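Participant: structure_35.txt is reproduced in full below (compact mmCIF, C-alpha atoms).
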```
# COMPACT_ATOMS: atom_id res chain seq x y z
CA MET A 1 66.43 56.03 21.39
CA PRO A 2 65.34 56.29 25.04
CA LEU A 3 66.29 59.38 26.96
CA PRO A 4 68.97 59.01 29.63
CA HIS A 5 67.28 58.58 32.97
CA ALA A 6 68.20 60.77 35.92
CA LEU A 7 67.22 59.79 39.43
CA ILE A 8 66.86 62.71 41.82
CA LEU A 9 67.02 61.68 45.47
CA LYS A 10 64.68 63.63 47.71
CA PHE A 11 65.45 63.78 51.42
CA PRO A 12 63.31 65.51 54.02
CA GLY A 13 64.28 69.14 53.45
CA THR A 14 65.38 68.83 49.81
CA ASN A 15 63.61 71.69 48.06
CA CYS A 16 65.15 72.02 44.58
CA ASP A 17 64.08 68.63 43.26
CA ALA A 18 61.15 69.83 41.13
CA GLU A 19 63.05 72.60 39.35
CA THR A 20 66.03 70.28 38.86
CA ALA A 21 63.74 67.68 37.30
CA ARG A 22 62.31 70.36 35.01
CA ALA A 23 65.79 71.50 34.00
CA LEU A 24 66.88 67.95 33.24
CA LYS A 25 63.81 67.33 31.09
CA VAL A 26 64.42 70.53 29.13
CA ALA A 27 67.98 69.34 28.50
CA GLY A 28 66.86 65.96 27.20
CA PHE A 29 66.70 63.63 30.18
CA SER A 30 63.87 61.67 31.64
CA ALA A 31 63.84 62.58 35.31
CA GLU A 32 62.36 60.90 38.35
CA VAL A 33 62.20 62.32 41.86
CA LEU A 34 62.61 59.50 44.35
CA PRO A 35 61.86 59.99 48.06
CA ILE A 36 64.69 58.52 50.10
CA ALA A 37 62.25 56.23 51.91
CA LEU A 38 61.66 54.42 48.59
CA LEU A 39 65.32 54.12 47.66
CA GLU A 40 66.69 50.62 47.32
CA PRO A 41 69.89 49.50 45.60
CA GLY A 42 68.08 48.10 42.57
CA LYS A 43 66.73 51.55 41.67
CA LEU A 44 70.19 52.61 40.58
CA ASP A 45 70.10 50.05 37.77
CA THR A 46 67.33 52.05 36.10
CA ALA A 47 69.34 55.28 35.90
CA GLN A 48 72.30 56.73 34.05
CA MET A 49 72.64 59.63 36.45
CA ILE A 50 72.03 60.08 40.19
CA LEU A 51 71.39 63.63 41.23
CA PHE A 52 71.52 65.12 44.70
CA ALA A 53 69.50 68.33 44.54
CA GLY A 54 69.73 71.49 46.60
CA GLY A 55 67.91 72.28 49.80
CA PHE A 56 68.40 71.56 53.48
CA SER A 57 68.38 67.79 53.79
CA TYR A 58 67.38 66.75 57.32
CA GLY A 59 67.39 70.42 58.24
CA ASP A 60 71.18 70.60 57.74
CA TYR A 61 71.40 69.37 61.31
CA VAL A 62 74.78 68.28 62.69
CA MET A 63 76.31 69.67 59.49
CA SER A 64 74.97 70.09 56.00
CA GLY A 65 74.65 66.82 54.14
CA ARG A 66 75.77 64.65 57.08
CA ILE A 67 72.53 62.83 57.92
CA ALA A 68 71.64 62.49 54.21
CA GLN A 69 75.04 60.91 53.60
CA LEU A 70 74.59 58.49 56.50
CA ILE A 71 71.10 57.46 55.40
CA THR A 72 72.19 57.08 51.75
CA LYS A 73 75.17 54.98 52.75
CA HIS A 74 72.98 52.90 55.02
CA LYS A 75 70.51 52.23 52.21
CA LEU A 76 72.92 51.75 49.32
CA GLY A 77 76.14 50.50 50.86
CA ASP A 78 78.75 50.35 48.09
CA LYS A 79 76.13 50.35 45.34
CA LEU A 80 76.61 54.04 44.56
CA ARG A 81 80.37 53.57 44.21
CA GLN A 82 79.73 50.59 41.93
CA PHE A 83 77.24 52.65 39.92
CA VAL A 84 79.92 55.27 39.23
CA ASP A 85 82.60 52.67 38.54
CA LYS A 86 80.36 51.10 35.90
CA GLY A 87 80.06 54.40 34.04
CA GLY A 88 77.21 56.09 35.88
CA TYR A 89 77.11 59.83 36.45
CA ALA A 90 76.53 61.52 39.80
CA MET A 91 75.87 65.20 40.28
CA GLY A 92 75.40 67.22 43.44
CA ILE A 93 74.07 70.75 43.49
CA CYS A 94 74.54 72.92 46.57
CA ASN A 95 73.29 70.70 49.42
CA GLY A 96 73.81 67.82 47.00
CA PHE A 97 77.46 68.85 46.65
CA GLN A 98 77.73 68.79 50.43
CA ILE A 99 76.26 65.27 50.43
CA LEU A 100 78.61 64.09 47.67
CA THR A 101 81.69 65.30 49.54
CA GLN A 102 80.48 63.43 52.63
CA LEU A 103 79.94 60.27 50.55
CA ASP A 104 83.61 60.24 49.52
CA LEU A 105 82.73 60.26 45.83
CA LEU A 106 84.68 63.48 45.33
CA PRO A 107 88.22 64.44 46.31
CA ARG A 108 88.71 64.90 50.05
CA GLY A 109 87.26 68.11 51.42
CA SER A 110 84.47 69.63 53.40
CA LEU A 111 81.98 72.45 52.91
CA ILE A 112 81.76 74.54 56.05
CA HIS A 113 80.09 77.78 57.10
CA ASN A 114 80.80 80.79 54.90
CA GLU A 115 83.61 82.95 56.20
CA SER A 116 81.11 85.76 56.78
CA GLY A 117 79.01 83.51 59.01
CA ARG A 118 76.00 84.55 56.92
CA PHE A 119 73.72 82.90 54.39
CA ILE A 120 74.60 84.21 50.92
CA CYS A 121 72.01 84.59 48.14
CA ARG A 122 73.30 86.31 45.01
CA TRP A 123 74.71 85.67 41.54
CA ALA A 124 78.34 84.61 41.29
CA GLY A 125 80.86 84.80 38.45
CA LEU A 126 82.40 81.43 37.61
CA LYS A 127 85.29 80.28 35.46
CA LYS A 128 86.21 76.88 34.14
CA ASN A 129 89.47 75.53 35.48
CA ALA A 130 89.47 72.18 33.69
CA SER A 131 87.59 70.25 31.08
CA SER A 132 84.54 68.41 32.39
CA PRO A 133 81.61 66.56 30.82
CA TYR A 134 79.39 69.01 32.70
CA LEU A 135 81.04 72.13 31.33
CA SER A 136 81.80 71.41 27.67
CA GLU A 137 79.10 73.68 26.24
CA LEU A 138 79.75 76.57 28.57
CA PRO A 139 82.03 79.54 27.92
CA ASP A 140 85.22 79.98 29.94
CA GLU A 141 83.42 82.42 32.20
CA PHE A 142 79.74 82.53 33.07
CA GLU A 143 77.50 83.18 36.04
CA LEU A 144 74.97 81.30 38.11
CA PRO A 145 72.97 82.00 41.26
CA ILE A 146 74.30 80.84 44.62
CA ALA A 147 72.33 80.45 47.86
CA HIS A 148 74.07 78.82 50.78
CA ALA A 149 75.28 79.16 54.34
CA GLU A 150 77.81 76.33 54.18
CA GLY A 151 79.64 76.70 50.88
CA ARG A 152 83.19 77.34 51.94
CA PHE A 153 85.21 74.47 50.56
CA MET A 154 88.21 73.49 52.68
CA GLY A 155 90.67 70.65 52.38
CA VAL A 156 93.59 69.35 54.38
CA GLY A 157 97.02 70.89 53.87
CA ASP A 158 97.71 71.50 50.19
CA ASP A 159 94.62 69.63 48.99
CA THR A 160 92.85 72.57 47.42
CA ALA A 161 95.94 73.94 45.65
CA ASN A 162 96.50 70.47 44.23
CA TYR A 163 92.88 70.25 43.07
CA VAL A 164 93.27 73.50 41.17
CA ALA A 165 96.55 72.31 39.65
CA ASN A 166 95.29 68.86 38.64
CA GLY A 167 91.85 69.94 37.45
CA ARG A 168 89.78 68.27 40.16
CA ALA A 169 88.59 71.78 40.95
CA ALA A 170 86.74 72.14 37.67
CA LEU A 171 84.92 75.32 38.58
CA LEU A 172 86.19 78.39 40.42
CA TYR A 173 84.53 81.61 41.54
CA THR A 174 85.87 84.69 39.78
CA GLU A 175 85.92 86.48 43.14
CA ASP A 176 85.95 85.44 46.78
CA VAL A 177 82.29 85.04 47.70
CA ASN A 178 82.34 82.73 50.73
CA GLY A 179 85.95 82.18 51.79
CA SER A 180 86.25 78.96 49.80
CA SER A 181 89.88 77.86 49.62
CA GLN A 182 91.35 78.65 46.18
CA ARG A 183 87.86 80.01 45.32
CA ILE A 184 86.68 76.48 44.56
CA ALA A 185 83.04 76.39 43.43
CA GLY A 186 82.85 72.93 41.89
CA LEU A 187 84.76 69.69 42.09
CA GLN A 188 84.97 66.55 39.97
CA ASP A 189 86.38 63.08 40.51
CA ASP A 190 89.14 61.64 38.35
CA THR A 191 86.64 60.22 35.83
CA GLY A 192 84.80 63.53 35.48
CA ARG A 193 81.48 61.71 35.88
CA VAL A 194 81.02 62.76 39.50
CA PHE A 195 80.59 66.50 39.77
CA GLY A 196 79.47 68.74 42.60
CA LEU A 197 79.01 72.48 42.67
CA MET A 198 77.61 75.07 45.05
CA PRO A 199 75.91 77.28 42.39
CA HIS A 200 72.43 76.39 41.15
CA PRO A 201 72.35 75.64 37.40
CA GLU A 202 68.68 74.60 37.63
CA ARG A 203 67.78 78.19 38.55
CA PHE A 204 69.13 79.57 35.30
CA VAL A 205 67.74 77.39 32.54
CA ASN A 206 65.68 80.12 30.93
CA LYS A 207 66.91 83.58 30.02
CA VAL A 208 64.02 85.21 31.84
CA THR A 209 65.38 84.15 35.23
CA HIS A 210 68.50 86.29 34.75
CA TYR A 211 68.53 89.49 36.78
CA ASP A 212 69.11 91.52 33.61
CA PRO A 213 65.94 91.41 31.50
CA ASP A 214 68.01 92.23 28.42
CA TRP A 215 70.53 89.42 28.97
CA SER A 216 71.34 87.89 25.59
CA GLN A 217 74.67 86.13 25.81
CA ALA A 218 73.09 82.81 24.79
CA GLU A 219 69.80 81.37 23.61
CA ARG A 220 69.13 79.85 27.03
CA GLY A 221 70.42 80.28 30.55
CA TRP A 222 73.84 78.87 31.42
CA GLY A 223 72.32 76.17 33.58
CA TYR A 224 70.68 74.66 30.52
CA TYR A 225 74.07 74.29 28.88
CA MET A 226 75.47 72.54 31.94
CA PHE A 227 72.77 69.88 31.83
CA LYS A 228 73.00 69.67 28.03
CA SER A 229 76.77 69.17 28.28
CA VAL A 230 76.40 66.09 30.43
CA ARG A 231 73.49 64.87 28.32
CA ASP A 232 75.72 65.06 25.22
CA ALA A 233 78.58 63.40 27.08
CA MET A 234 76.32 60.44 27.87
CA ALA A 235 75.28 60.20 24.24
CA GLY A 236 78.97 59.93 23.34
CA MET B 1 77.19 56.04 81.70
CA THR B 2 77.42 59.65 80.59
CA THR B 3 79.92 61.30 78.28
CA THR B 4 79.98 64.80 76.86
CA PHE B 5 81.59 65.73 73.57
CA GLU B 6 82.25 69.32 72.59
CA ILE B 7 82.72 69.91 68.86
CA THR B 8 84.90 72.76 67.63
CA GLY B 9 85.64 73.90 64.09
CA LYS B 10 89.26 73.62 62.99
CA PHE B 11 88.88 76.64 60.75
CA ASP B 12 86.90 78.70 63.27
CA THR B 13 88.39 81.90 64.58
CA GLU B 14 87.14 84.45 67.06
CA SER B 15 84.34 86.43 65.41
CA ASP B 16 82.84 89.83 66.06
CA CYS B 17 80.05 89.61 68.65
CA HIS B 18 77.90 91.98 66.63
CA LYS B 19 76.91 88.94 64.54
CA LEU B 20 74.98 87.66 67.56
CA LEU B 21 73.35 90.81 68.84
CA TYR B 22 70.58 93.20 67.87
CA ASN B 23 72.12 96.30 69.42
CA PRO B 24 75.67 97.69 69.03
CA LEU B 25 78.18 97.00 71.77
CA THR B 26 80.14 99.78 73.39
CA LYS B 27 83.28 97.63 73.56
CA PRO B 28 84.88 95.29 71.04
CA LEU B 29 84.08 91.69 71.95
CA LYS B 30 84.77 88.43 70.14
CA TYR B 31 83.19 85.01 70.41
CA ARG B 32 83.58 81.38 69.47
CA GLU B 33 80.71 78.96 69.18
CA THR B 34 80.81 75.22 69.88
CA GLN B 35 78.29 72.41 70.06
CA CYS B 36 78.03 70.01 73.01
CA TYR B 37 76.47 66.56 72.89
CA LYS B 38 75.85 64.88 76.24
CA VAL B 39 75.28 61.19 75.63
CA GLU B 40 73.76 58.98 78.33
CA PHE B 41 74.06 55.37 77.28
CA ASP B 42 74.34 51.71 78.23
CA GLY B 43 76.66 49.23 76.56
CA ASP B 44 79.94 49.44 74.72
CA ALA B 45 81.61 52.81 75.32
CA GLU B 46 83.99 52.36 72.39
CA ALA B 47 81.07 51.68 70.03
CA MET B 48 79.37 54.83 71.30
CA LYS B 49 82.52 56.89 70.70
CA ALA B 50 82.84 55.45 67.21
CA PHE B 51 79.22 56.48 66.57
CA VAL B 52 79.96 60.01 67.75
CA GLN B 53 83.04 60.27 65.54
CA LYS B 54 81.12 58.98 62.53
CA VAL B 55 77.91 60.94 62.96
CA LEU B 56 78.74 64.13 64.83
CA VAL B 57 82.29 64.99 63.77
CA ASP B 58 83.64 66.00 60.38
CA PRO B 59 87.28 64.87 60.47
CA ILE B 60 88.35 67.52 57.98
CA SER B 61 86.85 70.55 59.61
CA GLN B 62 86.07 69.63 63.21
CA ASP B 63 87.59 68.28 66.42
CA ALA B 64 85.77 66.48 69.23
CA HIS B 65 86.77 67.11 72.84
CA GLU B 66 85.56 64.63 75.42
CA GLY B 67 84.68 65.56 78.97
CA GLY B 68 82.67 68.75 78.92
CA ALA B 69 85.21 71.06 80.58
CA LEU B 70 85.29 74.62 79.22
CA LEU B 71 87.71 74.71 76.30
CA PHE B 72 88.74 78.36 76.27
CA PRO B 73 89.65 79.48 79.79
CA LYS B 74 90.40 83.03 78.64
CA ALA B 75 86.74 83.62 77.85
CA ALA B 76 85.14 86.28 80.03
CA PHE B 77 82.05 84.09 80.23
CA VAL B 78 80.36 81.26 78.41
CA LEU B 79 76.71 81.29 77.47
CA GLU B 80 75.47 77.71 77.27
CA TYR B 81 71.95 77.13 76.02
CA GLY B 82 69.75 74.47 74.49
CA MET B 83 66.21 73.35 74.00
CA LYS B 84 63.93 72.91 76.99
CA GLY B 85 63.19 69.32 77.88
CA ALA B 86 59.64 69.45 76.54
CA ALA B 87 60.54 71.33 73.35
CA LEU B 88 61.09 69.51 70.08
CA ASP B 89 64.81 69.42 69.36
CA LEU B 90 64.95 68.58 65.67
CA GLU B 91 68.71 68.10 65.57
CA LYS B 92 68.46 65.53 68.34
CA GLU B 93 65.61 63.83 66.51
CA MET B 94 67.68 63.64 63.28
CA ILE B 95 70.57 62.02 65.15
CA LEU B 96 68.26 59.54 66.83
CA THR B 97 66.52 58.82 63.51
CA TYR B 98 69.84 57.66 62.11
CA TYR B 99 70.74 55.83 65.31
CA ARG B 100 67.50 53.84 65.09
CA THR B 101 68.39 52.63 61.59
CA LEU B 102 71.42 50.79 63.00
CA SER B 103 70.64 47.12 63.54
CA ASN B 104 73.31 46.42 66.15
CA PRO B 105 75.09 49.59 67.29
CA GLY B 106 76.55 47.91 70.38
CA PHE B 107 75.16 50.48 72.80
CA THR B 108 71.85 52.05 73.73
CA ILE B 109 71.34 55.79 73.93
CA THR B 110 69.16 56.43 76.97
CA LYS B 111 69.27 60.22 76.67
CA LEU B 112 70.86 62.74 74.32
CA THR B 113 71.17 66.41 75.25
CA LEU B 114 72.39 69.11 72.87
CA ARG B 115 73.73 72.44 74.10
CA LYS B 116 75.44 75.29 72.32
CA ARG B 117 78.28 77.18 73.96
CA ILE B 118 79.19 80.74 73.11
CA TYR B 119 82.56 81.73 74.51
CA VAL B 120 82.78 85.53 74.76
CA PHE B 121 86.19 87.19 74.90
CA GLY B 122 87.06 90.74 75.90
CA LYS B 123 87.43 92.98 78.88
CA GLU B 124 84.30 93.99 80.74
CA ALA B 125 82.16 91.54 78.80
CA GLU B 126 78.82 91.03 80.49
CA PRO B 127 76.31 88.33 79.64
CA GLU B 128 72.98 90.20 79.95
CA GLN B 129 72.78 91.42 76.36
CA PHE B 130 73.82 88.03 75.02
CA VAL B 131 71.23 86.20 77.07
CA ARG B 132 68.55 88.62 75.87
CA ASP B 133 69.44 88.39 72.17
CA VAL B 134 70.58 84.79 71.78
CA VAL B 135 68.33 82.84 74.13
CA ASN B 136 64.65 82.41 73.37
CA PRO B 137 63.08 81.86 76.79
CA ALA B 138 60.04 80.23 75.23
CA ILE B 139 62.04 77.22 74.06
CA HIS B 140 65.54 77.49 75.59
CA THR B 141 67.13 77.01 78.96
CA HIS B 142 70.51 78.63 79.56
CA GLU B 143 73.40 78.95 81.97
CA VAL B 144 76.20 81.49 82.19
CA LEU B 145 79.46 79.70 82.96
CA ARG B 146 82.81 81.11 83.96
CA ALA B 147 86.17 79.41 83.98
CA ALA B 148 87.38 78.58 87.49
```
I'd like the structure from this file rewritten - as structure tokens, please.
Facilitator:
Amino acid sequence: MPLPHALILKFPGTNCDAETARALKVAGFSAEVLPIALLEPGKLDTAQMILFAGGFSYGDYVMSGRIAQLITKHKLGDKLRQFVDKGGYAMGICNGFQILTQLDLLPRGSLIHNESGRFICRWAGLKKNASSPYLSELPDEFELPIAHAEGRFMGVGDDTANYVANGRAALLYTEDVNGSSQRIAGLQDDTGRVFGLMPHPERFVNKVTHYDPDWSQAERGWGYYMFKSVRDAMAG
Amino acid sequence: MTTTFEITGKFDTESDCHKLLYNPLTKPLKYRETQCYKVEFDGDAEAMKAFVQKVLVDPISQDAHEGGALLFPKAAFVLEYGMKGAALDLEKEMILTYYRTLSNPGFTITKLTLRKRIYVFGKEAEPEQFVRDVVNPAIHTHEVLRAA
């Protein structure tokens, strides 16, 4: 049986594509990094998952993810929406999450500068707030690295409280790390197939990348189990 | 035709000026930062405004103010700075890169100028330290503005 194929879009400034491809392969995907210049609508037909990796697409100019969203929309039109509607998966990690929110594939919201005004690079505690194809093999609480300047998720009015109540906010921080409303760390659409998160699962696939050399809560890093969860969900 | 848009963050509040400076201040000062886009263009003004709203403004977290007048008259001074004409302004280039992908935008950008504004609030605020620590004279030009 062929492996599910993940297409990782690489914009100028994307810098987590190689490690994301490695993580996907370890979890049982075939992975392809595709420079945005080579993207055409037909490419989506070859993939089961589209992945927007971390980095600083187009230098994060104007605001993070904005130019990448505009270029993607210009190249694909409604094809990405159709891809998801036909059962495709879409994942955004960090800058990719910022792009996904701009593409309107996730519930309304925006990722703005951290409340501190500073870039944050540390590990963050996370807890599941809802079931998700991306989280099924993870414990209720786990940790992943974060590294971002614009990770503070904000909505309009009661949006974020509603997302926590209805499970669209699938992943929450266990503490306030960046001022994100309701401590939202990850968001999913109503199908669960579109998922974006600020933490970096691809940076914790192997145990050795944990800050504690004696870490032994699982056989592999928590990021591996995130990718394996969605791999298993695709396999049915 | 020329139009200036100043972009403010809806969730922004006045922040401690120590975030901007290398040396401690002797008095408590606050600031707000905004981004100005001066668009010189020919063609359909409404199409240009639609472009600005689509490309430069996040409707959830930002507001666009047209005209270029200082937005916070209580500021002690405003430090406005941006790239020198001959310096490579990557943000401008990214905006123009997207603009050039549009087959029929309805207007032509003849010149785009980006400037940041730092509004400084507080009694006895003086601009010298801000100019020294924020502006890089090798690549930036700057002006100190005061509300009339």
Participant: Grab the CA of Ala233 in chain A to CA of Asn129 in chain A distance for me, in Å with one decimal place.
Facilitator: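 If I compute the distance from CA of Ala233 in chain A to CA of Asn129 in chain A, I get 18.3 Å.
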Participant: Could you write out as a list in words the residues of chain B within 7 Å of chain A, counting all atoms listed in the file?
Facilitator: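 Per the criterion, chain B yields Leu56, Ile60, Ser61, Glu91, Met94 and Tyr98 of chain B.
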Participant: Just to confirm, what's the straight-line distance from CA of Glu141 in chain A to CA of Met198 in chain A in Å (one decimal)?
Facilitator: 15.9 Å
Participant: Tell me, in Å to one decimal, how far CA of Glu128 in chain B is from CA of Thr34 in chain B.
Facilitator: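 For CA of Glu128 in chain B relative to CA of Thr34 in chain B, the distance reads 19.7 Å.
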Participant: Residues proximal to (73.6, 92.1, 68.0) were defined as those with any atom within 10 Å of that point in the file's coordinates, counting all atoms listed in the file. Which are they, as a PyMOL selection string?
Facilitator: chain B and resi 16-25+129-130+132-134
Participant: Could you give me the centre and size, in Å to one decimal, of an axis-aligned box around all listed atoms of range 200-205 of chain A with 6 Å added on every side, as lines of an AutoDock Vina configuration file?
Facilitator:
```
center_x = 70.1
center_y = 77.1
center_z = 36.8
size_x = 16.7
size_y = 17.0
size_z = 20.6
```
Participant: With all atoms listed in the file as the basis for distance, which of B:Thr26, B:Thr141, B:Thr13, B:Thr97 is at the shortest distance from Tyr81 in chain B?
Facilitator: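 When distances to Tyr81 in chain B are compared using all atoms listed in the file, the smallest one comes from B:Thr141.
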Participant: For Thr209 in chain A, work out the shell of residues within 12 Å, counting all atoms listed in the file and skipping chain neighbours fewer than 2 positions away, then give it as a list of chain:residue names.
Facilitator: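 Contacts, in chain order: A:Trp123, A:Leu144, A:Pro145, A:Pro201, A:Glu202, A:Arg203, A:Phe204, A:Val205, A:Asn206, A:Lys207, A:Tyr211, A:Asp212, A:Pro213, A:Asp214, A:Trp215, A:Ser216, A:Arg220, A:Gly221, A:Trp222, A:Gly223, A:Tyr224.
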Participant: I need the residue nearest Ile8 in chain A from this list: A:Met91, A:Arg81, A:Gly42, A:Ser64. Use all atoms listed in the file for the distance.
Facilitator: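 For Ile8 in chain A, the nearest of the candidates is A:Met91.
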Participant: Return the single residue from A:Leu51, A:Ile36, A:Val177, A:Ala130 that is closest to Leu24 in chain A, with distances computed using all atoms listed in the file.
Facilitator: A:Leu51
Participant: Could you tell me which of B:Pro105, B:Gly85, B:Pro28, B:Pro137 comes closest to Ala50 in chain B if we count all atoms listed in the file?
Facilitator: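 For Ala50 in chain B, the nearest of the given residues is B:Pro105.
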Participant: From the set B:Tyr119, B:Tyr31, B:Phe41, B:Phe11, which residue has the shortest atom-to-atom contact distance to Gln62 in chain B, counting all atoms listed in the file?
Facilitator: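 Ranked by minimum distance to Gln62 in chain B, first place goes to B:Phe11.
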Participant: Can you tell me, as a short mmCIF file (atom, residue, chain, number, x, y, z; two decimals) with C-alpha atoms, in the frame of the given file, what residues are no more than 10 Å from Ala45 in chain B when counting only C-alpha atoms, ignoring any on the same chain fewer than 2 positions away?
Facilitator:
```cif
data_model
loop_
_atom_site.label_atom_id
_atom_site.label_comp_id
_atom_site.auth_asym_id
_atom_site.auth_seq_id
_atom_site.Cartn_x
_atom_site.Cartn_y
_atom_site.Cartn_z
CA MET B 1 77.19 56.04 81.70
CA THR B 2 77.42 59.65 80.59
CA THR B 3 79.92 61.30 78.28
CA PHE B 41 74.06 55.37 77.28
CA ASP B 42 74.34 51.71 78.23
CA GLY B 43 76.66 49.23 76.56
CA ALA B 47 81.07 51.68 70.03
CA MET B 48 79.37 54.83 71.30
CA LYS B 49 82.52 56.89 70.70
CA ALA B 50 82.84 55.45 67.21
CA PHE B 51 79.22 56.48 66.57
CA GLY B 106 76.55 47.91 70.38
CA PHE B 107 75.16 50.48 72.80
CA THR B 108 71.85 52.05 73.73
#
```
Participant: I want to know what sits within 8 Å of Ala6 in chain A, based on all atoms listed in the file, with residues of the same chain fewer than 5 positions away left out; could you give that as a list in words?
Facilitator: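 Near Ala6 in chain A, the qualifying residues are Leu24, Phe29, Ser30, Ala31, Glu32, Ala47, Gln48, Met49, Ile50 and Leu51 of chain A.
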Participant: Hey, can you spit out that residue selection with C-alpha atoms as a compact mmCIF listing (two decimals), in the frame of the given file?
Facilitator:
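Listing of selection-v5.txt after writing:
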```
# COMPACT_ATOMS: atom_id res chain seq x y z
CA LEU A 24 66.88 67.95 33.24
CA PHE A 29 66.70 63.63 30.18
CA SER A 30 63.87 61.67 31.64
CA ALA A 31 63.84 62.58 35.31
CA GLU A 32 62.36 60.90 38.35
CA ALA A 47 69.34 55.28 35.90
CA GLN A 48 72.30 56.73 34.05
CA MET A 49 72.64 59.63 36.45
CA ILE A 50 72.03 60.08 40.19
CA LEU A 51 71.39 63.63 41.23
```
Participant: List as an MDAnalysis selection string the residues having at least one atom at most 12 Å from position (91.5, 77.2, 47.6) as given in the file, counting only C-alpha atoms.
Facilitator: chainID A and resid 109:111 152:165 168:169 171:173 175:176 178:187
Participant: I'd like to know which of A:Phe83, A:Tyr134, A:Phe52, A:Phe119 is closest to Phe97 in chain A, using all atoms listed in the file.
Facilitator: A:Phe52
Participant: Any chance you could build range 61-66 of chain B out to all heavy atoms and write it as a PDB file, in the frame of the given file?
Facilitator:
```
ATOM      1  N   SER B  61      87.061  69.183  59.140  1.00  0.00           N
ATOM      2  CA  SER B  61      86.850  70.550  59.610  1.00  0.00           C
ATOM      3  C   SER B  61      86.563  70.672  61.097  1.00  0.00           C
ATOM      4  O   SER B  61      86.412  71.786  61.595  1.00  0.00           O
ATOM      5  CB  SER B  61      85.688  71.192  58.819  1.00  0.00           C
ATOM      6  OG  SER B  61      84.470  70.545  59.115  1.00  0.00           O
ATOM      7  N   GLN B  62      86.472  69.548  61.808  1.00  0.00           N
ATOM      8  CA  GLN B  62      86.070  69.630  63.210  1.00  0.00           C
ATOM      9  C   GLN B  62      86.942  68.743  64.117  1.00  0.00           C
ATOM     10  O   GLN B  62      87.533  67.769  63.644  1.00  0.00           O
ATOM     11  CB  GLN B  62      84.606  69.191  63.376  1.00  0.00           C
ATOM     12  CG  GLN B  62      83.617  70.127  62.710  1.00  0.00           C
ATOM     13  CD  GLN B  62      82.205  69.605  62.784  1.00  0.00           C
ATOM     14  OE1 GLN B  62      81.975  68.408  62.706  1.00  0.00           O
ATOM     15  NE2 GLN B  62      81.246  70.509  62.933  1.00  0.00           N
ATOM     16  N   ASP B  63      86.962  69.099  65.387  1.00  0.00           N
ATOM     17  CA  ASP B  63      87.590  68.280  66.420  1.00  0.00           C
ATOM     18  C   ASP B  63      86.550  67.987  67.498  1.00  0.00           C
ATOM     19  O   ASP B  63      85.696  68.838  67.782  1.00  0.00           O
ATOM     20  CB  ASP B  63      88.759  69.025  67.080  1.00  0.00           C
ATOM     21  CG  ASP B  63      89.947  69.164  66.148  1.00  0.00           C
ATOM     22  OD1 ASP B  63      90.324  68.153  65.515  1.00  0.00           O
ATOM     23  OD2 ASP B  63      90.487  70.279  66.050  1.00  0.00           O
ATOM     24  N   ALA B  64      86.646  66.814  68.107  1.00  0.00           N
ATOM     25  CA  ALA B  64      85.770  66.480  69.230  1.00  0.00           C
ATOM     26  C   ALA B  64      86.593  66.441  70.515  1.00  0.00           C
ATOM     27  O   ALA B  64      87.688  65.872  70.540  1.00  0.00           O
ATOM     28  CB  ALA B  64      85.121  65.117  68.991  1.00  0.00           C
ATOM     29  N   HIS B  65      86.088  67.084  71.546  1.00  0.00           N
ATOM     30  CA  HIS B  65      86.770  67.110  72.840  1.00  0.00           C
ATOM     31  C   HIS B  65      85.861  66.437  73.855  1.00  0.00           C
ATOM     32  O   HIS B  65      84.718  66.846  74.027  1.00  0.00           O
ATOM     33  CB  HIS B  65      87.051  68.557  73.269  1.00  0.00           C
ATOM     34  CG  HIS B  65      87.727  69.366  72.198  1.00  0.00           C
ATOM     35  ND1 HIS B  65      89.083  69.510  72.113  1.00  0.00           N
ATOM     36  CD2 HIS B  65      87.210  70.045  71.145  1.00  0.00           C
ATOM     37  CE1 HIS B  65      89.387  70.258  71.064  1.00  0.00           C
ATOM     38  NE2 HIS B  65      88.257  70.596  70.459  1.00  0.00           N
ATOM     39  N   GLU B  66      86.380  65.417  74.508  1.00  0.00           N
ATOM     40  CA  GLU B  66      85.560  64.630  75.420  1.00  0.00           C
ATOM     41  C   GLU B  66      85.698  65.171  76.839  1.00  0.00           C
ATOM     42  O   GLU B  66      86.793  65.568  77.248  1.00  0.00           O
ATOM     43  CB  GLU B  66      86.012  63.162  75.354  1.00  0.00           C
ATOM     44  CG  GLU B  66      85.077  62.208  76.050  1.00  0.00           C
ATOM     45  CD  GLU B  66      85.508  60.757  75.871  1.00  0.00           C
ATOM     46  OE1 GLU B  66      86.312  60.481  74.961  1.00  0.00           O
ATOM     47  OE2 GLU B  66      85.041  59.924  76.652  1.00  0.00           O
TER      48      GLU B  66
END
```
